[in-house]
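Scroll down for the structure; my scribbles are underneath it.
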Amino acid sequence: MPDTLKITLAQLNQSVGDLDGNAEGVLAARAKAKDADLVVFPELHLVGYPPEDLILKPALIERAAARLQTLAEATAADGPAMLVGSAFVLDGALHNGVALLDQGRVMAVRLKHELPNYGTFDEMRLFQPGPLPEPVILRGTLIGVPICEDIWRPEVCRHLADFGAEMFICINGSPYEINKDALRIEGVAKRRAVDTGLPLAYLNRVGGQDELVFDGASFVVNGDGGLAVQLADWEEQVVETRWTRTAQGWRCDRGKLETLATHPEDIYCAMVLALRDYVNRNGFPGVVLGLSGGIDSATCAAIAVDALGPQRVWGVMMPSRFTSRQSLDDAAACADALGIRYSVLPIGEAIAGFDSMLGESFEGTNRDIAEENLQARIRGTALMALSNKFGPMLMTTGNKSEMSVGYATIYGDMAGGYNPLKDAYKSTVFAIAGWRNRHVPRIGLGPAGIVVPDSTLLREPSAELRADQRDSDTLPPYAVLDPILLGLVEHDKSVEQLVKEGFDRATVQQVERLLHMAEYKRRQASPGVKLTARNFGRDRRYPVTHAFRSG
C-alpha cells in the first residue's frame, strides 16, 4: 500500500454536447499527467454541464456510454487512472455520476445523491438521486467521491467517512456568483473536512455556458481545515497535487496558492469569459454593438475586446438630432482606444420616413414615448441588418437597473443575442469601467490604458431620445435605485421592510410597480451572464400577470 499519491486536478472548459471534444480534452490531460496516479475531471465533464433537457435524449446517453468505454480502454496503457463525470442509466433511471477508469475498464461508478433544485438548478427534473455512496478503491486507498451538491449538506461526507473513506475528491459544476469562492472554501469544504477529519479536493469546471459562467478556482483543504492548494480562477489548469500518508491519515502536501481575482475584477472576468465562449461556441465571427457614447455601451465594447480581440468587434454610432456632441466624441474616443472597427450611421432619414408613414395614424396626438422608442427600434433594426448581412452577433448593452424597471425599449436597444451587463446594476457598471481603465484582466485580449473615456464616467446618464433628457427624469438616482432593487430582487424584501431601512415609501412603491410591470420585457430579453445570487431568468421565475404588491 503506497504512502504517497499524485492526484492531478484537471480544471477544464467543457462544451455541452461535444462528446468528442470533451473526450479529447480528457485524453490530453491524462497524457500531460502521465506520472500521476489519478487524474480528476469536473462534474458531467464528458457530456458538459449543465446539459438541461439535452440530457433526456437517448442518443446522447448512448454515445456518452460508448465514449466512456473508449476512455476506460485508454487506461490500459501506462499512465494514471481517471475519475470522469458523466450521465449513467442504471435500472432504467438516469443519474448524474462519476466513473473510476483504470486498467482498461470501468472499475466503479458512483452516483450523485443530493440533487439541487433551486436557483439555476433543476436536477431533480432530469436525474434520479443515487443511494448514499460507498468509497472507491485506488491503489489500496478508500476515496470518497461526493459530487458537487453532496458536500453542501453533511450527510454524504459523514456516511463516506463512516464507511472508511480516507479522503474526499469532490467534482463540481459550481457556477460563479459574487463572493461564492469564499463560500465554497469557508462555508462548505472546510466544514466537511473538519467535521470528518479528512482532506478534501474540490475540482470545479471553468468556462461559459449560456447564462452561466464557471470560475474554476479549484482547491484542496486538509483535515484540519488548512488550505493546501489553490488553483487559479477563470483559466484552464492541469495541476498535480501530492499526497502523503501520515500517522493521522492522508494529507495533501503544500502546493501553489494562486491569488484569486478580487472585486470587481472577478465580475469583469465573468463577463469576458461568458461572452467569449458564447460567441465562439455558437459560431459567430465577432460582435456588433451600438456605441452611444454612454457608459454601458463603452463598457460592453471593452468587455467584447477583452473577450474576442479588437479585430472581432464593430461599434456603430447612430446619432439622431438629440445626440450630443459629447456623445459623438466619447463614442469615437472609446472606439479609437480599443482599436475596433467604428461606423457612424445617422438615423435622421429613417426617423423622417417613419414619421411620414405614421403621420396619419398619429394625427392629433402629441409626441411622447412612442416617438422616443421609435428611435431605439430604428437603431435595433439597423444593427440587426448589419448582423444579418455580415454575420457578427448583435450584443445588447442594457444593465440590470434598467432591465429591472423596464427602462429599455423592447425590439429596440433590447434586441440582440447576448448581454454581458444583464445582471450588473448601474453602480456595478461604473465600478468595472473604472477598474478596467486602470487594469487589463489577466484573461483579456484588449489594450492597457483608459478605454472608457473619463468624460463618459463623469456624465449624467441619458438615453438621448429627447432634448435634455436624463435618466433621473424618469427614475430615482441610481445611488437610491440600486439598493432598493437589491432589496426587492435579491432579498425579496417588502416595501415595509425597505421603508424601515430608511427608504422613501413612495419611491419604493414606484420601483416595485415598475419591477413587476417590466416582467414581460424581461421574458423576451437576450440571455446574459449570471453574476448575482438572483439573476433574471431561472433564478427568479415570476409570473408576467399577477396583482400582488407588497406595500
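Labels used: A, B, ... for chains in the order of the C-alpha cells, numbers from 1 for residues in each chain, and numbers from 1 for ligands as shown.
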
Handout entry: Distance query stretch 222-231 of chain A at most 6 Å, only C-alpha atoms, self and fewer than 2 positions along chain excluded, as a ChimeraX atom specification
Key = /A:190,193-194,197-199,217-220,251,254-258

Contact table stretch 16-53 of chain A vs stretch 62-73 of chain A, cut-off 12 Å, shortest pair per residue, only C-alpha atoms, as a tab-separated table:
```
residue	atom	partner	partner_atom	distance
A:Val16	CA	A:Ala64	CA	11.8
A:Gly17	CA	A:Ala64	CA	9.3
A:Asp18	CA	A:Ala64	CA	9.8
A:Leu19	CA	A:Ala64	CA	6.7
A:Asp20	CA	A:Arg67	CA	7.8
A:Gly21	CA	A:Arg67	CA	10.8
A:Asn22	CA	A:Arg67	CA	9.8
A:Ala23	CA	A:Arg67	CA	7.2
A:Glu24	CA	A:Leu71	CA	9.3
A:Gly25	CA	A:Leu71	CA	10.9
A:Val26	CA	A:Leu71	CA	8.1
A:Leu27	CA	A:Leu71	CA	7.5
A:Ala28	CA	A:Leu71	CA	11.3
A:Arg30	CA	A:Leu71	CA	10.3
A:Leu44	CA	A:Ala64	CA	10.4
A:His45	CA	A:Ala64	CA	10.5
A:Leu46	CA	A:Ala64	CA	7.0
A:Val47	CA	A:Ala64	CA	6.8
A:Gly48	CA	A:Ala64	CA	10.6
```

Write out, as a compact mmCIF listing (two decimals), in the first residue's frame, the residues just selected, with all heavy atoms.
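Here's the written file selection03.txt:
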```txt
# COMPACT_ATOMS: atom_id res chain seq x y z
N VAL A 16 -20.94 21.67 -23.73
CA VAL A 16 -22.13 20.82 -23.61
C VAL A 16 -22.43 20.13 -24.93
O VAL A 16 -22.51 20.76 -25.99
CB VAL A 16 -23.34 21.66 -23.14
CG1 VAL A 16 -24.63 20.85 -23.25
CG2 VAL A 16 -23.14 22.12 -21.71
N GLY A 17 -22.55 18.82 -24.87
CA GLY A 17 -22.90 18.02 -26.04
C GLY A 17 -21.75 17.65 -26.94
O GLY A 17 -21.92 16.83 -27.85
N ASP A 18 -20.57 18.20 -26.71
CA ASP A 18 -19.41 17.91 -27.56
C ASP A 18 -18.66 16.71 -26.97
O ASP A 18 -17.60 16.85 -26.35
CB ASP A 18 -18.50 19.14 -27.63
CG ASP A 18 -17.34 18.94 -28.60
OD1 ASP A 18 -17.29 17.89 -29.27
OD2 ASP A 18 -16.47 19.84 -28.67
N LEU A 19 -19.20 15.53 -27.18
CA LEU A 19 -18.62 14.33 -26.58
C LEU A 19 -17.20 14.09 -27.09
O LEU A 19 -16.31 13.74 -26.31
CB LEU A 19 -19.50 13.13 -26.88
CG LEU A 19 -20.94 13.20 -26.36
CD1 LEU A 19 -21.74 11.99 -26.83
CD2 LEU A 19 -20.95 13.27 -24.85
N ASP A 20 -17.00 14.28 -28.38
CA ASP A 20 -15.67 14.05 -28.94
C ASP A 20 -14.66 15.06 -28.39
O ASP A 20 -13.55 14.69 -27.97
CB ASP A 20 -15.71 14.14 -30.47
CG ASP A 20 -16.49 13.00 -31.10
OD1 ASP A 20 -16.70 11.98 -30.40
OD2 ASP A 20 -16.89 13.12 -32.27
N GLY A 21 -15.03 16.34 -28.39
CA GLY A 21 -14.11 17.36 -27.90
C GLY A 21 -13.80 17.20 -26.43
O GLY A 21 -12.65 17.34 -25.99
N ASN A 22 -14.82 16.90 -25.63
CA ASN A 22 -14.60 16.72 -24.20
C ASN A 22 -13.73 15.49 -23.93
O ASN A 22 -12.87 15.50 -23.04
CB ASN A 22 -15.94 16.60 -23.47
CG ASN A 22 -16.74 17.89 -23.51
OD1 ASN A 22 -16.20 18.98 -23.71
ND2 ASN A 22 -18.04 17.79 -23.32
N ALA A 23 -13.97 14.42 -24.68
CA ALA A 23 -13.15 13.22 -24.51
C ALA A 23 -11.70 13.46 -24.92
O ALA A 23 -10.77 12.98 -24.27
CB ALA A 23 -13.75 12.07 -25.32
N GLU A 24 -11.51 14.23 -25.99
CA GLU A 24 -10.14 14.56 -26.40
C GLU A 24 -9.43 15.35 -25.30
O GLU A 24 -8.24 15.16 -25.05
CB GLU A 24 -10.17 15.36 -27.70
CG GLU A 24 -10.55 14.53 -28.92
CD GLU A 24 -10.80 15.38 -30.15
OE1 GLU A 24 -10.54 16.62 -30.07
OE2 GLU A 24 -11.26 14.84 -31.16
N GLY A 25 -10.17 16.26 -24.64
CA GLY A 25 -9.59 17.01 -23.53
C GLY A 25 -9.19 16.11 -22.39
O GLY A 25 -8.16 16.33 -21.72
N VAL A 26 -9.99 15.08 -22.12
CA VAL A 26 -9.65 14.11 -21.07
C VAL A 26 -8.34 13.41 -21.40
O VAL A 26 -7.44 13.30 -20.56
CB VAL A 26 -10.80 13.10 -20.91
CG1 VAL A 26 -10.36 11.90 -20.07
CG2 VAL A 26 -12.02 13.77 -20.28
N LEU A 27 -8.22 12.93 -22.63
CA LEU A 27 -7.01 12.19 -23.01
C LEU A 27 -5.79 13.10 -23.03
O LEU A 27 -4.68 12.69 -22.65
CB LEU A 27 -7.22 11.54 -24.37
CG LEU A 27 -8.29 10.44 -24.40
CD1 LEU A 27 -8.49 9.93 -25.82
CD2 LEU A 27 -7.92 9.29 -23.46
N ALA A 28 -5.96 14.35 -23.45
CA ALA A 28 -4.83 15.29 -23.45
C ALA A 28 -4.36 15.56 -22.03
O ALA A 28 -3.15 15.63 -21.76
CB ALA A 28 -5.24 16.58 -24.14
N ARG A 30 -4.72 13.55 -19.47
CA ARG A 30 -4.08 12.33 -18.97
C ARG A 30 -2.65 12.21 -19.49
O ARG A 30 -1.73 11.81 -18.74
CB ARG A 30 -4.89 11.09 -19.38
CG ARG A 30 -4.33 9.79 -18.80
CD ARG A 30 -5.21 8.59 -19.16
NE ARG A 30 -4.75 7.41 -18.47
CZ ARG A 30 -3.89 6.52 -18.97
NH1 ARG A 30 -3.38 6.71 -20.20
NH2 ARG A 30 -3.52 5.46 -18.26
N LEU A 44 -19.97 15.92 -14.69
CA LEU A 44 -20.57 15.69 -16.01
C LEU A 44 -19.65 16.13 -17.14
O LEU A 44 -20.11 16.62 -18.18
CB LEU A 44 -21.92 16.42 -16.12
CG LEU A 44 -23.11 15.77 -15.40
CD1 LEU A 44 -24.36 16.62 -15.58
CD2 LEU A 44 -23.38 14.35 -15.92
N HIS A 45 -18.34 15.97 -16.95
CA HIS A 45 -17.40 16.53 -17.91
C HIS A 45 -17.59 15.97 -19.31
O HIS A 45 -17.46 16.70 -20.30
CB HIS A 45 -15.96 16.27 -17.45
CG HIS A 45 -14.94 16.90 -18.35
ND1 HIS A 45 -14.66 18.25 -18.31
CD2 HIS A 45 -14.18 16.39 -19.36
CE1 HIS A 45 -13.75 18.54 -19.23
NE2 HIS A 45 -13.45 17.42 -19.88
N LEU A 46 -17.91 14.71 -19.42
CA LEU A 46 -18.00 14.10 -20.74
C LEU A 46 -19.15 14.67 -21.55
O LEU A 46 -19.01 14.90 -22.76
CB LEU A 46 -18.15 12.58 -20.60
CG LEU A 46 -18.08 11.77 -21.88
CD1 LEU A 46 -16.78 12.06 -22.64
CD2 LEU A 46 -18.21 10.28 -21.58
N VAL A 47 -20.29 14.95 -20.91
CA VAL A 47 -21.44 15.48 -21.66
C VAL A 47 -21.55 16.99 -21.56
O VAL A 47 -22.23 17.63 -22.36
CB VAL A 47 -22.76 14.84 -21.19
CG1 VAL A 47 -22.76 13.35 -21.44
CG2 VAL A 47 -23.03 15.12 -19.72
N GLY A 48 -20.87 17.59 -20.57
CA GLY A 48 -20.93 19.04 -20.37
C GLY A 48 -22.00 19.40 -19.35
O GLY A 48 -23.02 18.72 -19.21
```

Exercise for the section: Go through stretch 105-150 of chain A and collect every residue that DSSP, computed from the backbone, puts in strand (DSSP E); the answer should be as a VMD selection string. Expected result: chain A and resid 105 to 111 136 to 138 141 to 144

Practice task
Would you return as a ChimeraX atom specification the members of stretch 64-276 of chain A that DSSP assigns to helix (DSSP H, G or I) on this structure's backbone?
Solution key: /A:64-74,123-126,148-151,155-162,180-196,265-276

Handout entry: Who sits within 12 Å of A:Gly216, only C-alpha atoms, same chain under 2 positions skipped, as a ChimeraX atom specification
Key = /A:9-14,41-43,171-177,180-181,184,202-208,213-214,218-219,230-238,258,260-261,266,269-270,273

Practice task
Tell me, as JSON, numbers by chain, which residues lie within 7 Å of A:Val109, counting only C-alpha atoms; anything in the same chain fewer than 3 positions away does not count.
Solution key: {"A": [97, 98, 99, 100]}

For the residues selected in the previous step, produce a file with N, CA, C and O atoms as a compact mmCIF listing (two decimals), in the first residue's frame.
```txt
# COMPACT_ATOMS: atom_id res chain seq x y z
N GLY A 97 -23.35 11.06 -12.42
CA GLY A 97 -22.40 10.22 -11.70
C GLY A 97 -20.96 10.43 -12.12
O GLY A 97 -20.64 11.31 -12.92
N VAL A 98 -20.09 9.61 -11.55
CA VAL A 98 -18.67 9.66 -11.85
C VAL A 98 -18.15 8.24 -11.93
O VAL A 98 -18.57 7.36 -11.17
N ALA A 99 -17.27 8.01 -12.89
CA ALA A 99 -16.71 6.67 -13.10
C ALA A 99 -15.21 6.68 -12.82
O ALA A 99 -14.50 7.61 -13.21
N LEU A 100 -14.75 5.65 -12.12
CA LEU A 100 -13.32 5.42 -11.95
C LEU A 100 -12.86 4.51 -13.07
O LEU A 100 -13.33 3.37 -13.19
```

Exercise for the section: Select, from A:Glu149, A:Val451, A:Val287, A:Trp435, the residue with the minimum atom-to-atom distance to A:Asn117, counting only C-alpha atoms. Expected result: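 Of A:Glu149, A:Val451, A:Val287, A:Trp435, the one nearest A:Asn117 is A:Glu149, counting only C-alpha atoms.
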